[in-house]
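**Student:** The following file, coords.cif, comprises mmCIF, C-alpha atoms:
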```cif
data_entry
#
loop_
_atom_site.label_atom_id
_atom_site.label_comp_id
_atom_site.auth_asym_id
_atom_site.auth_seq_id
_atom_site.Cartn_x
_atom_site.Cartn_y
_atom_site.Cartn_z
CA MET A 31 0.00 0.00 0.00
CA ALA A 32 1.21 3.49 -0.85
CA SER A 33 2.44 5.63 2.03
CA LEU A 34 0.46 8.65 3.24
CA TYR A 35 2.94 10.99 1.52
CA GLU A 36 2.51 9.12 -1.79
CA ARG A 37 -1.29 9.04 -1.48
CA LEU A 38 -1.37 12.79 -0.88
CA GLY A 39 0.76 13.39 -3.98
CA GLY A 40 4.20 14.00 -2.49
CA GLU A 41 6.08 17.21 -3.07
CA ALA A 42 3.57 18.50 -5.63
CA ALA A 43 0.87 18.25 -2.96
CA VAL A 44 3.03 20.16 -0.49
CA ASN A 45 3.54 22.91 -3.07
CA ALA A 46 -0.17 23.06 -3.78
CA ALA A 47 -0.99 23.17 -0.07
CA VAL A 48 1.51 25.75 1.12
CA ASP A 49 -0.14 28.84 -0.43
CA ILE A 50 -3.63 27.76 0.69
CA PHE A 51 -2.50 26.89 4.20
CA TYR A 52 -0.39 30.03 4.69
CA ARG A 53 -3.26 32.19 3.41
CA LYS A 54 -5.60 30.59 5.96
CA VAL A 55 -3.09 31.10 8.77
CA LEU A 56 -2.55 34.78 7.92
CA SER A 57 -6.30 35.39 7.72
CA ASP A 58 -7.13 33.70 11.04
CA ASP A 59 -7.15 36.08 14.00
CA ARG A 60 -6.69 33.22 16.47
CA VAL A 61 -3.18 32.47 15.20
CA ASN A 62 -1.98 35.16 12.77
CA SER A 63 -0.17 37.17 15.44
CA PHE A 64 2.35 34.32 15.65
CA PHE A 65 3.00 34.71 11.91
CA SER A 66 3.45 38.46 11.70
CA ASP A 67 7.11 38.23 10.66
CA VAL A 68 7.51 40.29 7.50
CA ASP A 69 9.91 37.80 5.95
CA MET A 70 7.15 35.95 4.16
CA GLU A 71 9.52 33.85 2.10
CA ALA A 72 11.21 32.45 5.19
CA GLN A 73 7.79 31.79 6.69
CA ALA A 74 6.58 29.98 3.59
CA ALA A 75 9.75 27.86 3.58
CA LYS A 76 9.12 26.88 7.21
CA GLN A 77 5.54 25.99 6.40
CA LYS A 78 6.71 23.84 3.52
CA GLY A 79 8.91 21.96 5.97
CA PHE A 80 6.00 21.58 8.36
CA LEU A 81 3.61 20.36 5.67
CA THR A 82 6.17 17.87 4.35
CA MET A 83 6.50 16.45 7.85
CA VAL A 84 2.76 16.16 8.60
CA PHE A 85 2.17 14.69 5.14
CA GLY A 86 4.48 11.88 6.22
CA GLY A 87 7.23 13.03 3.85
CA PRO A 88 11.00 12.97 4.22
CA ASN A 89 12.29 15.15 7.03
CA ASN A 90 14.81 15.13 9.81
CA TYR A 91 12.96 17.18 12.39
CA THR A 92 13.74 16.12 15.93
CA GLY A 93 11.84 16.80 19.12
CA LYS A 94 14.63 19.23 20.02
CA ASP A 95 14.14 21.15 16.74
CA MET A 96 10.44 21.46 17.53
CA ARG A 97 11.13 22.68 21.05
CA ASP A 98 13.82 25.17 20.04
CA GLY A 99 11.82 26.44 17.08
CA HIS A 100 8.72 27.27 19.11
CA LYS A 101 10.18 28.27 22.47
CA HIS A 102 9.92 32.00 21.76
CA LEU A 103 6.30 31.54 20.68
CA VAL A 104 5.40 29.62 23.83
CA GLU A 105 6.83 32.54 25.76
CA ARG A 106 4.44 34.76 23.82
CA GLY A 107 1.47 32.62 24.84
CA LEU A 108 1.34 29.77 22.31
CA ASN A 109 -0.93 27.06 23.78
CA ASP A 110 -3.18 24.09 22.94
CA SER A 111 -5.91 26.30 21.48
CA HIS A 112 -3.48 27.58 18.84
CA VAL A 113 -2.29 24.09 17.95
CA ASP A 114 -5.96 23.07 17.62
CA ALA A 115 -6.56 26.01 15.30
CA ILE A 116 -3.56 25.11 13.13
CA ILE A 117 -4.73 21.49 12.84
CA GLU A 118 -8.20 22.76 11.91
CA LEU A 119 -6.74 25.03 9.19
CA LEU A 120 -4.60 22.14 7.98
CA GLY A 121 -7.74 19.99 7.69
CA GLY A 122 -9.52 22.79 5.79
CA THR A 123 -6.58 23.07 3.39
CA LEU A 124 -6.62 19.35 2.66
CA GLN A 125 -10.40 19.37 2.19
CA GLU A 126 -10.01 22.11 -0.42
CA LEU A 127 -7.49 19.90 -2.19
CA GLY A 128 -9.96 17.00 -2.17
CA VAL A 129 -8.09 14.76 0.27
CA ALA A 130 -10.05 11.85 1.81
CA ASP A 131 -11.20 12.22 5.44
CA ALA A 132 -9.18 9.20 6.60
CA ASP A 133 -5.97 10.75 5.22
CA ILE A 134 -6.79 14.13 6.78
CA GLN A 135 -7.14 12.32 10.13
CA GLU A 136 -3.76 10.69 9.61
CA VAL A 137 -2.16 14.10 8.92
CA ALA A 138 -3.84 15.50 12.06
CA ASP A 139 -2.46 12.56 14.06
CA ILE A 140 1.09 13.33 12.90
CA ALA A 141 0.61 17.01 13.77
CA ASN A 142 -0.74 16.00 17.19
CA SER A 143 2.24 13.74 17.77
CA VAL A 144 4.53 16.77 17.99
CA ARG A 145 2.15 18.87 20.09
CA ASP A 146 4.05 18.42 23.37
CA ASP A 147 7.38 19.23 21.76
CA VAL A 148 5.95 22.33 20.05
CA LEU A 149 4.46 23.54 23.36
CA ASN A 150 7.71 22.72 25.19
CA ARG A 151 6.06 20.38 27.66
CA MET B 135 32.60 10.05 -8.53
CA THR B 136 32.28 13.80 -8.86
CA GLN B 137 34.21 16.54 -7.13
CA ILE B 138 33.17 19.85 -5.65
CA LYS B 139 35.37 22.86 -5.14
CA PHE B 140 34.46 25.10 -2.20
CA LYS B 141 36.64 27.80 -0.66
CA ASP B 142 39.67 26.59 -2.67
CA GLU B 143 39.35 23.04 -1.34
CA ILE B 144 38.33 20.03 -3.39
CA PHE B 145 36.10 17.29 -2.00
CA THR B 146 34.91 14.04 -3.53
CA VAL B 147 31.19 13.37 -3.24
CA SER B 148 30.71 9.70 -2.41
CA ALA B 149 27.83 7.75 -3.97
CA GLY B 150 24.50 8.56 -2.37
CA SER B 151 25.88 11.66 -0.61
CA SER B 152 24.74 15.21 -1.18
CA VAL B 153 26.83 18.36 -1.47
CA LEU B 154 25.56 19.29 2.00
CA ASP B 155 26.58 15.93 3.51
CA THR B 156 30.02 16.23 1.94
CA LEU B 157 30.69 19.77 3.19
CA LEU B 158 29.40 19.02 6.69
CA GLU B 159 31.53 15.87 6.87
CA HIS B 160 34.58 18.02 6.20
CA GLY B 161 33.72 20.41 8.98
CA HIS B 162 32.27 23.31 6.97
CA GLU B 163 29.39 25.14 8.58
CA ILE B 164 26.59 25.27 6.03
CA PRO B 165 23.18 26.47 7.24
CA ASN B 166 20.66 23.63 7.01
CA ASN B 167 17.44 22.45 8.54
CA CYS B 168 15.02 19.95 6.96
CA ARG B 169 17.55 18.37 4.60
CA ALA B 170 14.64 17.45 2.35
CA GLY B 171 14.70 20.27 -0.17
CA ALA B 172 11.83 22.03 1.53
CA CYS B 173 13.11 24.66 3.93
CA GLN B 174 15.79 26.06 1.55
CA SER B 175 18.15 26.86 4.43
CA CYS B 176 21.09 25.25 2.64
CA ILE B 177 20.89 27.39 -0.52
CA MET B 178 24.24 27.76 -2.30
CA GLN B 179 25.43 29.19 -5.61
CA LEU B 180 27.28 27.64 -8.52
CA THR B 181 30.31 29.41 -9.90
CA LYS B 182 31.19 26.64 -12.39
CA GLY B 183 29.36 23.65 -13.80
CA SER B 184 25.73 22.67 -13.51
CA VAL B 185 23.57 20.72 -11.08
CA PRO B 186 20.77 18.19 -11.65
CA GLU B 187 17.29 19.73 -12.00
CA ARG B 188 16.22 18.22 -8.68
CA ALA B 189 18.71 20.42 -6.82
CA GLN B 190 16.86 23.56 -7.99
CA LYS B 191 13.35 22.27 -7.42
CA GLY B 192 11.09 24.81 -5.74
CA LEU B 193 13.42 27.75 -6.29
CA LYS B 194 12.26 30.87 -8.04
CA ASP B 195 13.11 31.05 -11.73
CA SER B 196 15.31 34.07 -11.07
CA HIS B 197 17.24 32.10 -8.44
CA LYS B 198 17.68 29.20 -10.83
CA ALA B 199 18.94 31.58 -13.50
CA LYS B 200 21.61 32.80 -11.12
CA GLY B 201 22.81 29.29 -10.33
CA PHE B 202 21.32 28.91 -6.88
CA PHE B 203 20.66 25.36 -5.73
CA LEU B 204 19.90 23.42 -2.57
CA ALA B 205 22.97 21.64 -1.23
CA CYS B 206 20.91 18.94 0.53
CA SER B 207 19.17 17.91 -2.71
CA CYS B 208 22.27 18.02 -4.86
CA GLN B 209 24.08 14.88 -5.94
CA PRO B 210 26.21 16.39 -8.69
CA GLU B 211 26.69 14.53 -11.96
CA GLU B 212 29.71 16.61 -12.97
CA ASP B 213 32.48 18.49 -11.17
CA ILE B 214 31.25 21.81 -9.83
CA GLU B 215 32.55 24.90 -8.07
CA ILE B 216 30.30 26.46 -5.49
CA ARG B 217 30.08 29.16 -2.84
CA LEU B 218 27.75 30.35 -0.12
CA PRO B 219 25.42 32.94 -1.62
CA ASP B 220 26.76 36.09 -0.07
CA GLU B 221 27.37 38.63 -2.76
CA ASN B 222 31.06 39.27 -2.72
CA GLN B 223 31.79 40.57 -6.15
CA LEU B 224 34.34 43.13 -7.13
CA ARG B 225 33.58 46.76 -7.74
CA THR B 226 33.75 48.04 -11.30
CA PRO B 227 34.62 51.64 -12.19
CA ALA B 228 32.02 53.56 -14.17
CA ARG B 229 32.05 57.02 -15.70
CA VAL B 230 29.16 59.48 -15.46
CA SER B 231 27.86 60.03 -18.99
CA GLN B 232 24.71 62.06 -18.29
CA ILE B 233 22.78 63.65 -15.44
CA ASN B 234 19.14 64.59 -16.24
CA GLU B 235 16.40 66.02 -14.08
CA LEU B 236 13.35 63.71 -13.93
CA SER B 237 11.36 65.64 -11.32
CA ALA B 238 11.96 68.23 -8.61
CA ASP B 239 13.84 65.71 -6.43
CA VAL B 240 14.71 62.81 -8.74
CA ILE B 241 17.55 62.81 -11.22
CA GLU B 242 18.48 60.27 -13.82
CA LEU B 243 22.09 59.21 -13.54
CA LYS B 244 23.62 57.48 -16.55
CA LEU B 245 26.88 55.63 -16.12
CA LYS B 246 29.15 53.91 -18.60
CA THR B 247 31.28 50.95 -17.61
CA THR B 248 34.43 50.14 -19.53
CA GLU B 249 33.29 46.59 -20.17
CA PRO B 250 29.78 45.15 -20.74
CA TYR B 251 28.07 44.84 -17.38
CA GLU B 252 25.91 41.78 -16.92
CA TYR B 253 22.63 42.20 -15.08
CA HIS B 254 18.89 41.73 -15.34
CA ALA B 255 16.69 44.80 -15.68
CA GLY B 256 15.22 45.39 -12.21
CA GLN B 257 18.22 44.28 -10.19
CA TYR B 258 20.12 46.71 -7.99
CA VAL B 259 23.75 47.62 -7.49
CA THR B 260 25.64 49.53 -4.87
CA LEU B 261 27.24 52.76 -6.07
CA TRP B 262 30.36 53.87 -4.22
CA ARG B 263 31.66 57.45 -4.10
CA ASP B 264 34.75 56.13 -2.31
CA GLU B 265 35.64 53.45 0.25
CA GLY B 266 33.49 55.05 2.90
CA LEU B 267 30.28 55.98 1.10
CA GLY B 268 28.06 53.64 -0.88
CA ARG B 269 24.32 53.30 -1.46
CA SER B 270 22.19 50.74 -3.26
CA TYR B 271 20.17 51.81 -6.29
CA SER B 272 17.96 49.89 -8.67
CA LEU B 273 18.89 49.73 -12.31
CA ALA B 274 16.35 51.43 -14.57
CA SER B 275 18.05 50.40 -17.81
CA LEU B 276 17.85 47.37 -20.01
CA PRO B 277 21.04 45.34 -20.50
CA GLN B 278 20.06 44.40 -24.06
CA ASN B 279 20.17 47.99 -25.28
CA LYS B 280 23.74 48.99 -24.59
CA GLN B 281 25.52 46.68 -22.26
CA GLU B 282 27.91 49.27 -20.94
CA THR B 283 25.22 51.84 -20.02
CA LEU B 284 23.62 51.79 -16.58
CA ASN B 285 20.71 54.10 -15.67
CA PHE B 286 19.53 55.02 -12.18
CA HIS B 287 16.84 57.23 -10.66
CA ILE B 288 18.37 59.00 -7.68
CA LYS B 289 16.00 60.63 -5.23
CA LEU B 290 17.36 63.52 -3.21
CA ILE B 291 17.00 62.51 0.44
CA PRO B 292 17.05 65.46 2.90
CA ASP B 293 20.53 65.43 4.44
CA GLY B 294 21.31 62.33 2.38
CA LYS B 295 25.10 62.09 2.00
CA PHE B 296 25.20 60.12 -1.22
CA SER B 297 22.14 61.54 -2.97
CA GLY B 298 23.22 65.05 -1.92
CA TRP B 299 26.63 64.45 -3.46
CA VAL B 300 25.06 63.14 -6.69
CA HIS B 301 22.63 66.06 -6.91
CA THR B 302 25.08 68.86 -6.20
CA ASP B 303 28.67 67.76 -6.88
CA LEU B 304 28.70 64.92 -9.39
CA GLN B 305 29.50 65.95 -12.98
CA PRO B 306 29.61 64.12 -16.31
CA GLY B 307 33.06 62.60 -16.69
CA ASP B 308 33.42 61.80 -12.99
CA THR B 309 34.07 58.21 -11.95
CA LEU B 310 32.44 56.09 -9.27
CA LEU B 311 32.42 52.38 -8.44
CA VAL B 312 29.66 49.87 -9.07
CA GLN B 313 29.21 46.71 -7.02
CA GLY B 314 26.75 43.93 -7.75
CA PRO B 315 24.26 43.31 -9.27
CA ALA B 316 21.93 41.68 -6.78
CA GLY B 317 18.25 41.11 -6.22
CA ASP B 318 15.65 38.81 -7.69
CA CYS B 319 13.11 41.40 -8.77
CA PHE B 320 13.39 40.88 -12.54
CA TYR B 321 11.47 39.52 -15.54
CA THR B 322 11.94 35.88 -16.41
CA PRO B 323 10.79 34.77 -19.86
CA GLY B 324 8.99 31.45 -20.23
CA ASN B 325 5.40 32.33 -19.42
CA PRO B 326 4.42 34.99 -21.99
CA GLN B 327 0.68 34.72 -21.31
CA GLN B 328 0.92 35.45 -17.58
CA ASN B 329 -0.51 38.79 -16.44
CA LEU B 330 1.96 41.09 -14.71
CA LEU B 331 1.22 43.49 -11.88
CA LEU B 332 3.88 46.09 -11.07
CA VAL B 333 3.52 48.52 -8.19
CA GLY B 334 6.10 51.12 -7.22
CA THR B 335 6.24 54.24 -5.13
CA GLY B 336 8.70 57.06 -5.72
CA THR B 337 11.91 55.83 -7.34
CA GLY B 338 10.51 52.30 -6.97
CA LEU B 339 9.58 53.07 -10.56
CA ALA B 340 13.22 52.61 -11.63
CA PRO B 341 13.43 48.80 -11.52
CA LEU B 342 9.85 48.45 -12.77
CA TYR B 343 10.63 50.66 -15.78
CA GLY B 344 13.44 48.27 -16.69
CA ILE B 345 11.30 45.18 -16.07
CA ILE B 346 8.45 46.51 -18.25
CA GLN B 347 10.81 47.24 -21.14
CA ASP B 348 12.39 43.83 -20.69
CA ALA B 349 8.96 42.13 -20.80
CA LEU B 350 7.86 44.11 -23.86
CA GLN B 351 11.12 43.35 -25.62
CA HIS B 352 10.46 39.65 -24.94
CA GLU B 353 7.05 40.21 -26.60
CA HIS B 354 5.16 39.42 -23.44
CA GLN B 355 1.54 38.66 -24.36
CA GLY B 356 -0.27 38.88 -21.00
CA GLU B 357 -1.63 42.13 -19.60
CA ILE B 358 0.95 44.37 -17.91
CA HIS B 359 -0.38 46.80 -15.30
CA LEU B 360 1.91 49.42 -13.77
CA PHE B 361 0.78 51.43 -10.74
CA HIS B 362 3.17 54.25 -9.89
CA GLY B 363 2.48 56.18 -6.72
CA GLY B 364 3.74 59.60 -5.73
CA PHE B 365 2.95 61.56 -2.59
CA ASN B 366 1.61 64.31 -4.83
CA ILE B 367 1.72 65.07 -8.53
CA ASN B 368 5.34 66.25 -8.27
CA GLY B 369 6.31 62.71 -7.25
CA LEU B 370 5.28 61.28 -10.61
CA TYR B 371 7.90 61.23 -13.35
CA LEU B 372 8.50 59.61 -16.76
CA THR B 373 4.77 60.20 -17.30
CA ASP B 374 5.24 61.15 -20.97
CA GLU B 375 7.41 58.12 -21.67
CA LEU B 376 4.98 55.75 -19.92
CA THR B 377 1.96 57.29 -21.62
CA GLN B 378 3.70 56.80 -24.96
CA LEU B 379 4.57 53.19 -24.05
CA GLU B 380 0.88 52.62 -23.29
CA LYS B 381 -0.05 53.94 -26.75
CA ASP B 382 2.55 51.72 -28.41
CA HIS B 383 1.61 48.51 -26.61
CA GLU B 384 -1.99 47.35 -26.31
CA ASN B 385 -1.27 45.09 -23.33
CA PHE B 386 0.55 47.73 -21.26
CA HIS B 387 -1.52 49.85 -18.86
CA TYR B 388 -0.15 52.79 -16.90
CA HIS B 389 -1.92 53.85 -13.70
CA PRO B 390 -0.36 56.94 -12.10
CA CYS B 391 -1.59 57.48 -8.52
CA VAL B 392 -1.10 60.25 -5.97
CA PHE B 393 -1.76 60.21 -2.26
CA LYS B 394 -2.52 63.94 -1.99
CA ALA B 395 -3.83 66.39 -4.56
CA GLU B 396 -3.53 70.15 -4.05
CA SER B 397 -5.50 70.96 -7.17
CA THR B 398 -7.67 69.23 -9.74
CA LEU B 399 -5.87 66.26 -11.22
CA PRO B 400 -5.79 65.22 -14.85
CA GLU B 401 -8.31 62.43 -15.45
CA SER B 402 -5.58 59.83 -15.95
CA ILE B 403 -4.33 60.17 -12.36
CA THR B 404 -6.09 58.44 -9.45
CA GLN B 405 -5.97 59.93 -5.97
CA GLY B 406 -5.91 57.77 -2.84
CA ASP B 407 -4.12 54.99 -0.98
CA ILE B 408 -2.21 53.07 -3.64
CA THR B 409 -2.70 49.74 -1.83
CA LYS B 410 -6.48 50.17 -2.02
CA ILE B 411 -6.33 51.37 -5.61
CA VAL B 412 -4.33 48.29 -6.63
CA LEU B 413 -6.56 45.84 -4.78
CA GLN B 414 -9.69 47.42 -6.26
CA SER B 415 -8.27 47.43 -9.77
CA VAL B 416 -6.87 43.90 -9.60
CA PRO B 417 -9.17 42.11 -7.13
CA GLN B 418 -8.14 38.61 -8.19
CA PRO B 419 -4.41 38.37 -8.85
CA ALA B 420 -4.45 34.54 -8.78
CA GLY B 421 -2.10 33.34 -11.51
CA TRP B 422 -0.49 36.79 -11.91
CA LYS B 423 3.16 37.63 -11.39
CA THR B 424 3.66 40.63 -9.10
CA PHE B 425 6.59 43.04 -8.72
CA LEU B 426 6.61 45.47 -5.78
CA CYS B 427 9.25 48.18 -5.27
CA GLY B 428 9.61 51.24 -3.10
CA ASN B 429 8.56 52.29 0.39
CA GLU B 430 9.38 49.42 2.73
CA GLU B 431 6.22 49.43 4.83
CA LEU B 432 3.99 49.77 1.81
CA VAL B 433 5.76 47.01 -0.10
CA ASN B 434 5.60 44.58 2.82
CA ASN B 435 1.92 45.26 3.41
CA LEU B 436 1.01 45.09 -0.26
CA ARG B 437 2.90 41.84 -0.59
CA LYS B 438 0.76 40.29 2.13
CA GLN B 439 -2.49 41.71 0.70
CA ILE B 440 -1.69 40.53 -2.83
CA PHE B 441 -0.89 37.06 -1.49
CA LEU B 442 -4.11 36.94 0.52
CA ALA B 443 -6.01 38.05 -2.60
CA GLY B 444 -4.79 34.91 -4.36
CA CYS B 445 -1.39 35.56 -5.95
CA SER B 446 0.96 32.65 -5.37
CA MET B 447 3.91 33.29 -3.04
CA ASN B 448 6.37 32.14 -5.70
CA ASP B 449 4.98 34.75 -8.08
CA ILE B 450 5.55 37.76 -5.84
CA TYR B 451 8.86 39.57 -6.21
CA SER B 452 9.48 42.52 -3.95
CA ASP B 453 12.21 45.03 -3.36
CA PRO B 454 11.54 47.17 -0.29
CA PHE B 455 13.69 50.29 -0.33
CA ILE B 456 15.53 51.08 2.88
CA TYR B 457 16.86 54.59 3.20
CA ALA B 458 20.15 55.14 4.98
#
```
Is it possible to express this structure as structure tokens?
**Tutor:**
Amino acid sequence: MASLYERLGGEAAVNAAVDIFYRKVLSDDRVNSFFSDVDMEAQAAKQKGFLTMVFGGPNNYTGKDMRDGHKHLVERGLNDSHVDAIIELLGGTLQELGVADADIQEVADIANSVRDDVLNR
Amino acid sequence: MTQIKFKDEIFTVSAGSSVLDTLLEHGHEIPNNCRAGACQSCIMQLTKGSVPERAQKGLKDSHKAKGFFLACSCQPEEDIEIRLPDENQLRTPARVSQINELSADVIELKLKTTEPYEYHAGQYVTLWRDEGLGRSYSLASLPQNKQETLNFHIKLIPDGKFSGWVHTDLQPGDTLLVQGPAGDCFYTPGNPQQNLLLVGTGTGLAPLYGIIQDALQHEHQGEIHLFHGGFNINGLYLTDELTQLEKDHENFHYHPCVFKAESTLPESITQGDITKIVLQSVPQPAGWKTFLCGNEELVNNLRKQIFLAGCSMNDIYSDPFIYA
């Protein structure tokens, strides 16, 4: 059976998703304050990395990377409600791209698996 | 087995290894993160040879054209020479050939280099008066016309050291130094049907003027919309040239805009916030290519708004001007 990453369409799917996802994030008042950095290209690159990971694609992110990368945001108040919102926006992005519900759940599970590291718990 | 040359050292890339792996193994510090070709942290630049297509996947066309590639995704098939992408090119002397007044506080500076100067219309260079004083300016000229001629639009900044020197002291025949070019705000052929949106404030017009001429010379077929904003009518310049260009090319549209109007404006000029004017005129920029140049705050905000309105991130090129 094809892997999740293959079923979703691999790198092409990540490229298709990144604009839609980033647009949702920037438009959502629950989370957009964490994405106010003006360097949009660097932000988009980070989101590509994130999407590749939650799509089950090749990555070398470690728990330490996740902790270090989000520490300053946790200090600014990043909590479970924001992670929930991101997972919701991720689901909405995949729905727009016509991804099956079971696969969306699998992506959400991967995102949830790094929740504690992201929140530095 | 292929070899890579980096900082005057030669390394052999073993089978299955990437350029990034190889350099890290030998103790070089190369920025990296995902190592999957996604985050682009490990971007490097070729100085000799070529890399497989995969190593440039996801990069902007303008980056590809300049030989940028991702070290983590690069298993070279030939010997290459590479460097980290900090611009460290030599300065070239150039002679002032003409100084023309474009508006009350903008002059056109024309330089001639002794040898053809390679650049893309829309890129910028740093002009140096001497060791101690240099400023970056966008090129307003087209390299295809006369390779040794470089044009700039220099705005007089109150108390500005460099612009003050250019406006008052610099004379035809004088020499200064040119360093660069840099920047990825330029036209890339290959998609002649794509609509182009260009927005500039003040001397942000300079790179856009070059890009438009470049696109038209490449017989670009899609619609080309230029919005040029000035604080008031005195901030608009090259209006005759742009109006003429609009007459000559059916697909080119010139939209001069001013923030403030002291008196009744000609019908062709729109008054208001240029961001709003652009978003109202081009409400759905999905599929368009966008170039933004000028005031830093305005460019950064417009970039976000244009993206939210549907323009793809990879299709937005911006050059926020920072005044020293």
**Student:** Which residues would end up in the selection if the PyMOL selection byres ((chain A) within 10 of (chain B)) were applied here, given that I need the answer as a ChimeraX atom specification?
**Tutor:** /A:41-42,44-46,48-50,52-54,56-57,68-83,87-92,95
**Student:** Rank nothing, just name the residue among A:Val113, A:Leu38, A:Leu149, A:Ala32 nearest to A:Arg97, using only C-alpha atoms.
**Tutor:**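 Of the candidates, the smallest distance to A:Arg97 is held by A:Leu149.
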**Student:** Do you know which residues are at most 8 Å from stretch 114-129 of chain A counting all atoms listed in the file, after dropping those on the same chain fewer than 6 positions away, and could you put them as a ChimeraX atom specification?
**Tutor:** /A:38,47,50-51,54-55,60-61,138,141
**Student:** Which residue is closest to B:Pro186? Choose from B:Leu245, B:Ile346, B:Cys208, B:Leu432 and count only C-alpha atoms.
**Tutor:** B:Cys208
**Student:** Please report the interatomic distance between atom CA of B:Phe361 and atom CA of B:Ser237 in Å with one decimal.
**Tutor:**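 Going from atom CA of B:Phe361 over to atom CA of B:Ser237 covers 17.7 Å.
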**Student:** Can you pull out every residue within 7 Å of B:Gly356, counting all atoms listed in the file, but drop anything in the same chain fewer than 2 positions away, and send it as a PyMOL selection string?
**Tutor:** chain B and resi 326-329+354+358+385
**Student:** Run the PyMOL selection byres ((chain B and resi 232) around 8) mentally over the shown coordinates, then write out the matched residues as a PyMOL selection string, using the chain letters and numbers from the document.
**Tutor:** chain B and resi 230-231+233-234+242-245+306
**Student:** Which one is closest to B:Thr260: B:Ala205, B:Ala316, B:Asp293, B:Pro210? Count all atoms listed in the file.
**Tutor:**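 Going through B:Ala205, B:Ala316, B:Asp293, B:Pro210 one by one, the smallest distance to B:Thr260 is for B:Ala316.
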**Student:** Hey, which of B:Ile411, B:Val153, B:Ile288, B:Leu304 ends up closest to B:Glu235? Count only C-alpha atoms.
**Tutor:**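 Ranked by minimum distance to B:Glu235, first place goes to B:Ile288.
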**Student:** For B:Asp213, which residue among B:Leu267, B:Leu236, B:Ile138, B:Leu273 is the nearest when counting all atoms listed in the file?
**Tutor:**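 With all atoms listed in the file as the atom set, the closest residue is B:Ile138.
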**Student:** Pull out every residue that the PyMOL selection byres ((chain B and resi 256) around 9) matches in the shown coordinates and put them as a ChimeraX atom specification.
**Tutor:** /B:253-255,257-258,272-276,317-321,340-345
**Student:** Contacts of stretch 399-407 of chain B at 10 Å or less, counting only C-alpha atoms, minus same-chain residues fewer than 5 places along, as a list in words?
**Tutor:**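 Everything that qualifies: Phe361, His362, Gly363, Gly364, Phe365, Asn366, Ile367, Leu370, Thr377, Tyr388, His389, Pro390, Cys391, Val392, Phe393, Lys394 and Val412 of chain B.
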**Student:** Find the residues around A:Lys101 up to 9 Å (all atoms listed in the file counted), leave out those fewer than 5 positions away in its own chain, and share them as a ChimeraX atom specification.
**Tutor:** /A:96,106,108,148-150
**Student:** What's the separation between atom CA of B:Glu357 and atom CA of B:Leu330, in Å to one decimal place?
**Tutor:** 6.2 Å
**Student:** Between atom CA of A:Ser143 and atom CA of A:Asn109, what is the distance, to one decimal in Å?
**Tutor:**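 About the pair atom CA of A:Ser143 and atom CA of A:Asn109: they are 15.0 Å apart.
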**Student:** So which residues touch B:Asp239 within 10 Å, counting all atoms listed in the file, skipping near sequence neighbours fewer than 3 positions away, as JSON, numbers by chain?
**Tutor:** {"B": [235, 236, 287, 288, 289, 290, 291, 292, 297, 301, 368, 369]}
